[in-house]
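Novice: Data file upload.txt (compact mmCIF, C-alpha atoms) is appended below.
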```
# COMPACT_ATOMS: atom_id res chain seq x y z
CA MET A 201 79.87 140.98 49.53
CA LYS A 202 76.40 139.64 50.30
CA LYS A 203 76.29 137.87 46.92
CA ILE A 204 79.68 136.25 47.56
CA ILE A 205 78.55 134.94 50.95
CA LEU A 206 75.30 133.55 49.49
CA THR A 207 77.26 131.89 46.68
CA LEU A 208 79.64 130.23 49.17
CA VAL A 209 76.73 129.00 51.30
CA ALA A 210 75.02 127.53 48.23
CA ALA A 211 78.24 125.84 47.12
CA VAL A 212 78.74 124.26 50.53
CA GLY A 213 75.14 123.05 50.51
CA LEU A 214 75.52 121.51 47.06
CA ALA A 215 78.78 119.82 48.03
CA ALA A 216 77.20 118.36 51.15
CA GLY A 217 74.20 117.20 49.15
CA SER A 218 76.44 115.56 46.56
CA ALA A 219 78.45 113.79 49.25
CA PHE A 220 75.24 112.59 50.88
CA ALA A 221 73.94 111.30 47.57
CA ALA A 222 77.26 109.56 46.85
CA GLY A 223 76.80 107.66 50.09
CA GLY A 224 73.41 106.37 48.96
CA GLY A 225 71.42 108.95 50.93
CA ILE A 226 72.16 107.57 54.41
CA PRO A 227 74.82 108.62 56.89
CA LEU A 228 77.80 106.32 57.30
CA ASP A 229 78.24 104.30 60.49
CA LYS A 230 81.51 104.53 62.38
CA ALA A 231 83.66 101.44 61.80
CA PRO A 232 85.27 99.88 64.91
CA VAL A 233 88.78 99.98 63.46
CA LYS A 234 91.72 98.90 65.63
CA THR A 235 94.63 98.05 63.36
CA ASN A 236 96.73 96.92 66.34
CA ASP A 237 94.19 94.23 67.33
CA LEU A 238 95.85 91.08 65.96
CA ALA A 239 92.88 88.78 66.67
CA SER A 240 90.56 91.11 64.74
CA LEU A 241 93.03 91.43 61.86
CA GLN A 242 93.49 87.67 61.62
CA ASN A 243 89.74 87.05 61.55
CA GLY A 244 89.36 89.83 58.98
CA ALA A 245 92.03 88.23 56.80
CA LYS A 246 90.16 84.91 56.99
CA ILE A 247 86.87 86.54 55.96
CA PHE A 248 88.60 88.45 53.16
CA VAL A 249 90.28 85.36 51.68
CA ASN A 250 87.18 83.17 51.98
CA TYR A 251 84.58 85.63 50.69
CA CYS A 252 86.23 88.55 48.86
CA LEU A 253 89.19 86.94 47.11
CA ASN A 254 86.89 84.74 45.01
CA CYS A 255 86.13 87.70 42.73
CA HIS A 256 88.30 90.61 43.90
CA SER A 257 92.08 90.75 43.89
CA ALA A 258 94.45 92.51 46.25
CA ALA A 259 97.28 92.55 43.74
CA PHE A 260 99.54 94.81 45.79
CA MET A 261 99.42 92.62 48.91
CA ARG A 262 101.49 89.45 49.39
CA PHE A 263 100.37 86.52 51.51
CA ASN A 264 103.65 86.48 53.44
CA ARG A 265 102.95 90.03 54.64
CA LEU A 266 100.34 88.45 56.92
CA LYS A 267 103.24 87.60 59.21
CA ASP A 268 102.95 91.23 60.35
CA ILE A 269 99.59 90.39 61.99
CA GLY A 270 100.94 87.37 63.86
CA LEU A 271 100.49 84.54 61.34
CA THR A 272 103.29 82.16 60.37
CA ASP A 273 103.98 81.07 56.82
CA GLN A 274 102.69 77.61 57.69
CA GLN A 275 99.44 78.98 59.08
CA VAL A 276 98.97 81.01 55.91
CA LYS A 277 99.65 77.94 53.73
CA ASP A 278 97.29 75.73 55.72
CA ASN A 279 94.37 78.16 56.08
CA LEU A 280 94.52 81.06 53.63
CA LEU A 281 96.38 79.97 50.50
CA PHE A 282 93.63 79.07 48.03
CA THR A 283 94.53 80.95 44.84
CA THR A 284 98.23 79.99 44.68
CA ASP A 285 100.68 77.53 46.21
CA LYS A 286 103.41 80.09 47.01
CA VAL A 287 103.22 82.17 50.14
CA GLY A 288 105.25 84.92 48.48
CA GLU A 289 102.65 85.49 45.75
CA THR A 290 100.26 88.42 45.67
CA MET A 291 96.57 88.06 46.46
CA LYS A 292 95.20 87.64 42.97
CA SER A 293 91.71 86.35 42.27
CA ALA A 294 91.27 83.27 40.11
CA ILE A 295 88.17 84.65 38.37
CA ASP A 296 88.30 85.26 34.62
CA PRO A 297 87.90 89.04 34.01
CA LYS A 298 85.74 88.40 30.92
CA GLN A 299 83.40 86.14 32.87
CA ALA A 300 83.28 88.63 35.74
CA LYS A 301 82.26 91.41 33.36
CA ALA A 302 79.57 89.22 31.83
CA TRP A 303 78.18 88.22 35.24
CA PHE A 304 78.39 91.54 37.10
CA GLY A 305 78.53 94.12 34.31
CA ALA A 306 82.08 95.17 35.22
CA ASN A 307 85.32 93.58 36.33
CA PRO A 308 85.43 93.59 40.18
CA PRO A 309 87.91 96.25 41.34
CA ASP A 310 91.16 95.53 43.15
CA LEU A 311 90.67 95.95 46.91
CA THR A 312 94.24 96.56 48.10
CA VAL A 313 93.71 100.25 48.85
CA ILE A 314 89.91 100.43 48.65
CA ALA A 315 89.71 101.51 52.32
CA ARG A 316 91.68 104.64 51.42
CA SER A 317 90.28 105.33 47.95
CA ARG A 318 86.68 105.38 49.23
CA SER A 319 87.38 108.23 51.64
CA GLY A 320 85.44 111.38 50.91
CA ALA A 321 83.35 114.17 52.37
CA GLY A 322 80.93 111.61 53.79
CA GLY A 323 83.63 110.08 55.97
CA PRO A 324 86.63 107.73 55.89
CA GLY A 325 86.66 104.90 53.38
CA VAL A 326 86.57 102.31 56.13
CA ASP A 327 83.27 103.78 57.39
CA TYR A 328 81.91 103.55 53.85
CA LEU A 329 82.89 99.87 53.59
CA TYR A 330 81.51 99.08 57.05
CA THR A 331 78.14 100.64 56.23
CA TYR A 332 78.08 99.22 52.70
CA MET A 333 78.56 95.62 53.84
CA ARG A 334 75.72 95.99 56.37
CA THR A 335 73.07 97.61 54.17
CA TYR A 336 72.31 94.92 51.58
CA TYR A 337 68.68 93.93 51.08
CA ARG A 338 66.68 91.67 48.79
CA ASP A 339 65.50 93.27 45.54
CA GLU A 340 63.99 90.89 43.03
CA ASN A 341 64.05 93.60 40.36
CA LYS A 342 67.85 93.45 40.21
CA PRO A 343 69.78 90.84 38.17
CA THR A 344 71.63 89.60 41.29
CA GLY A 345 68.53 89.74 43.49
CA TRP A 346 70.22 92.26 45.81
CA ASN A 347 70.45 96.00 46.27
CA ASN A 348 72.28 98.28 48.67
CA LEU A 349 71.38 101.50 50.47
CA VAL A 350 74.89 102.94 50.30
CA PHE A 351 75.50 101.87 46.69
CA PRO A 352 72.11 101.78 44.91
CA ASN A 353 71.90 99.46 41.89
CA VAL A 354 75.11 97.74 42.93
CA GLY A 355 76.33 94.99 40.62
CA MET A 356 77.90 92.93 43.39
CA PRO A 357 75.63 90.35 45.07
CA HIS A 358 75.52 89.98 48.83
CA VAL A 359 78.23 87.34 49.31
CA LEU A 360 77.75 87.25 53.09
CA TRP A 361 73.97 86.83 53.02
CA GLU A 362 74.10 83.39 54.66
CA LEU A 363 75.80 84.98 57.67
CA GLN A 364 73.52 88.02 57.89
CA GLY A 365 70.28 86.56 56.58
CA GLU A 366 67.78 88.51 54.52
CA ARG A 367 66.50 91.93 55.59
CA ARG A 368 64.04 94.48 54.32
CA PRO A 369 64.57 98.24 54.72
CA ILE A 370 61.77 100.22 56.34
CA PHE A 371 61.02 103.66 54.90
CA GLU A 372 58.69 106.41 56.01
CA GLU A 373 57.16 108.85 53.56
CA HIS A 374 57.78 112.50 54.33
CA GLU A 375 56.55 115.55 52.47
CA SER A 376 58.80 118.57 52.17
CA HIS A 377 58.15 121.64 50.00
CA GLY A 378 55.44 119.78 48.15
CA HIS A 379 57.64 116.76 47.35
CA LYS A 380 57.29 113.32 48.88
CA THR A 381 60.50 111.61 49.92
CA GLN A 382 61.31 108.21 51.40
CA VAL A 383 63.29 108.36 54.66
CA PHE A 384 65.08 105.25 55.89
CA LYS A 385 64.01 104.27 59.43
CA GLY A 386 65.45 100.80 60.08
CA TRP A 387 65.46 97.13 59.16
CA GLU A 388 63.09 94.20 59.34
CA GLN A 389 64.67 90.74 59.48
CA VAL A 390 62.97 88.53 56.87
CA LYS A 391 65.12 85.41 57.26
CA PRO A 392 67.65 84.83 60.03
CA GLY A 393 71.28 84.22 59.18
CA LEU A 394 73.92 82.00 60.73
CA MET A 395 74.97 84.94 62.90
CA THR A 396 73.07 87.30 65.15
CA PRO A 397 73.05 90.97 64.05
CA LEU A 398 75.69 91.76 66.69
CA GLN A 399 77.93 88.90 65.56
CA TYR A 400 77.58 89.94 61.94
CA ASP A 401 78.47 93.56 62.75
CA GLN A 402 81.56 92.34 64.64
CA THR A 403 82.56 90.16 61.68
CA ILE A 404 82.23 93.07 59.26
CA GLY A 405 84.17 95.21 61.73
CA ASP A 406 87.02 92.68 61.60
CA LEU A 407 86.85 92.56 57.80
CA VAL A 408 87.10 96.32 57.30
CA ASN A 409 89.74 96.49 60.04
CA TYR A 410 91.88 94.12 57.97
CA MET A 411 91.16 96.10 54.78
CA GLN A 412 92.23 99.30 56.52
CA TRP A 413 95.46 97.60 57.61
CA MET A 414 95.99 96.09 54.13
CA ALA A 415 95.77 99.54 52.53
CA GLU A 416 98.91 100.51 54.48
CA PRO A 417 100.50 97.66 56.46
CA ALA A 418 103.21 99.96 57.86
CA GLN A 419 100.77 102.52 59.25
CA ASN A 420 101.23 101.51 62.90
CA THR A 421 105.02 101.65 62.52
CA ARG A 422 104.71 105.04 60.83
CA LYS A 423 102.65 106.38 63.71
CA ARG A 424 105.05 105.02 66.35
CA VAL A 425 108.08 106.47 64.57
CA GLY A 426 106.23 109.75 64.10
CA VAL A 427 105.60 110.06 67.85
CA TRP A 428 109.28 109.52 68.65
CA VAL A 429 110.32 112.00 65.94
CA LEU A 430 108.05 114.65 67.44
CA ILE A 431 109.42 113.95 70.94
CA PHE A 432 112.99 114.24 69.61
CA LEU A 433 112.20 117.51 67.84
CA GLY A 434 110.58 118.87 71.00
CA VAL A 435 113.59 118.01 73.17
CA PHE A 436 116.04 119.27 70.53
CA THR A 437 114.11 122.55 70.26
CA ILE A 438 114.49 123.14 74.02
CA ILE A 439 118.23 122.31 73.88
CA ALA A 440 118.76 124.57 70.86
CA TRP A 441 116.83 127.39 72.54
CA ARG A 442 118.99 127.16 75.69
CA LEU A 443 122.21 126.95 73.66
CA ASN A 444 121.15 130.00 71.69
CA ALA A 445 120.41 131.89 74.90
CA ALA A 446 123.81 130.90 76.37
CA PHE A 447 125.67 131.92 73.22
CA TRP A 448 124.07 135.34 72.89
CA LYS A 449 123.85 136.34 76.57
CA ASP A 450 127.15 138.28 76.49
CA VAL A 451 126.68 139.62 72.97
CA LYS A 452 125.27 143.12 72.83
```
Represent the structure contained in this file as C-alpha cells.
Specialist:
Amino acid sequence: MKKIILTLVAAVGLAAGSAFAAGGGIPLDKAPVKTNDLASLQNGAKIFVNYCLNCHSAAFMRFNRLKDIGLTDQQVKDNLLFTTDKVGETMKSAIDPKQAKAWFGANPPDLTVIARSRSGAGGPGVDYLYTYMRTYYRDENKPTGWNNLVFPNVGMPHVLWELQGERRPIFEEHESHGHKTQVFKGWEQVKPGLMTPLQYDQTIGDLVNYMQWMAEPAQNTRKRVGVWVLIFLGVFTIIAWRLNAAFWKDVK
C-alpha cells in the first residue's frame, strides 16, 4: 500500500512538472475574459484581423458571424474585410503556405479554436494565449530576433512589438540540490512602445477575449439556455414529487 501511494505521489509530481515545462516554466496569468462585452470583442476582432490574419487563418469562422458581436455587414466590409471581398467568406489568410514554412519553419496553425485546444493542466487555453502574447522578448540568437517565455524557441515573431516595445526578462540565479537554476523575476523595458504596459495588457485581453468567443460563438446562448433548462428541471422535479405523493397517499 505504501508503494502504491508513493507511486501515485511521484506520478502527480511528474505530471505537474510536465505541465509547468509545457508552459515555458512560468505560471500562466489569468486572462480578463468577458465574452459578453461587445466593445472588448469588437476591439479584439479588429486586432485579430489586422495582426493575426496576415499569417494565420480562422477557416471555420465567417466574417458575417461578427454580427453576433454587434457589427453590421457594412462595418465589417469597411473595416475588417482585407482578405476577401465577400462578407460571407471564411477568415482565410492570404499567405502562401510554402512561403510561410520557409520563413517560420512551419505553416502557421489555424486559430479558430486555438483558445480551446491550448487548454491543459497549466490552465485554460485563453490564459495560455494571454500570457504568451505578453512574454515576448528580444533574442538576437533566434532567426526572427524574438523569443518567448511561455513558448521557448518560438518560430513566430512578435507581431505586436511596436505596441508593446522591447523588453528584457530579468532572472535570478538560485541553487537547489547542487544545481543552479534561473528563476524569472520580472521585466525591464528596453524600448517603449506605442502603448503603456497597462494599455497593451488591455489590448491583449480584448484579443484573447475575441479568440475565446470565436472558438465557440454560441457559448453565451448555450449558457443562457442551460440556466433555463436547469430551472425548468428543478420546477418540474418539485411538481412531479408532489404529484407522486398525491397519487400514492391512499395506496397501501
Novice: As an exercise, work out the distance from CA of Pro369 (chain A) to CA of Gln382 (chain A) in Å and give it to one decimal place.
Specialist: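 Computing the Euclidean distance for CA of Pro369 (chain A) and CA of Gln382 (chain A) yields 11.0 Å.
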Novice: What is the distance between CA of Thr272 (chain A) and CA of Gly426 (chain A), in Å to one decimal?
Specialist: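 Straight-line distance from CA of Thr272 (chain A) to CA of Gly426 (chain A) works out to 28.0 Å.
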Novice: With only C-alpha atoms as the basis for distance, which of A:Phe371, A:Phe384, A:Tyr400, A:Phe304 is at the shortest distance from Gly355 (chain A)?
Specialist: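 Checking each of A:Phe371, A:Phe384, A:Tyr400, A:Phe304 against Gly355 (chain A), counting only C-alpha atoms, the winner is A:Phe304.
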Novice: So the first atom is CA of Pro232 (chain A) and the second is CA of Trp346 (chain A); what is the distance between them in Å, to one decimal place?
Specialist: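 Computing it gives 25.5 Å between the two atoms.
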Novice: Find the residue from A:Leu394, A:Leu311, A:Met414, A:Ala300 that sits nearest to Gln242 (chain A); use all atoms listed in the file when measuring.
Specialist: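 That would be A:Met414, the residue with the smallest distance to Gln242 (chain A).
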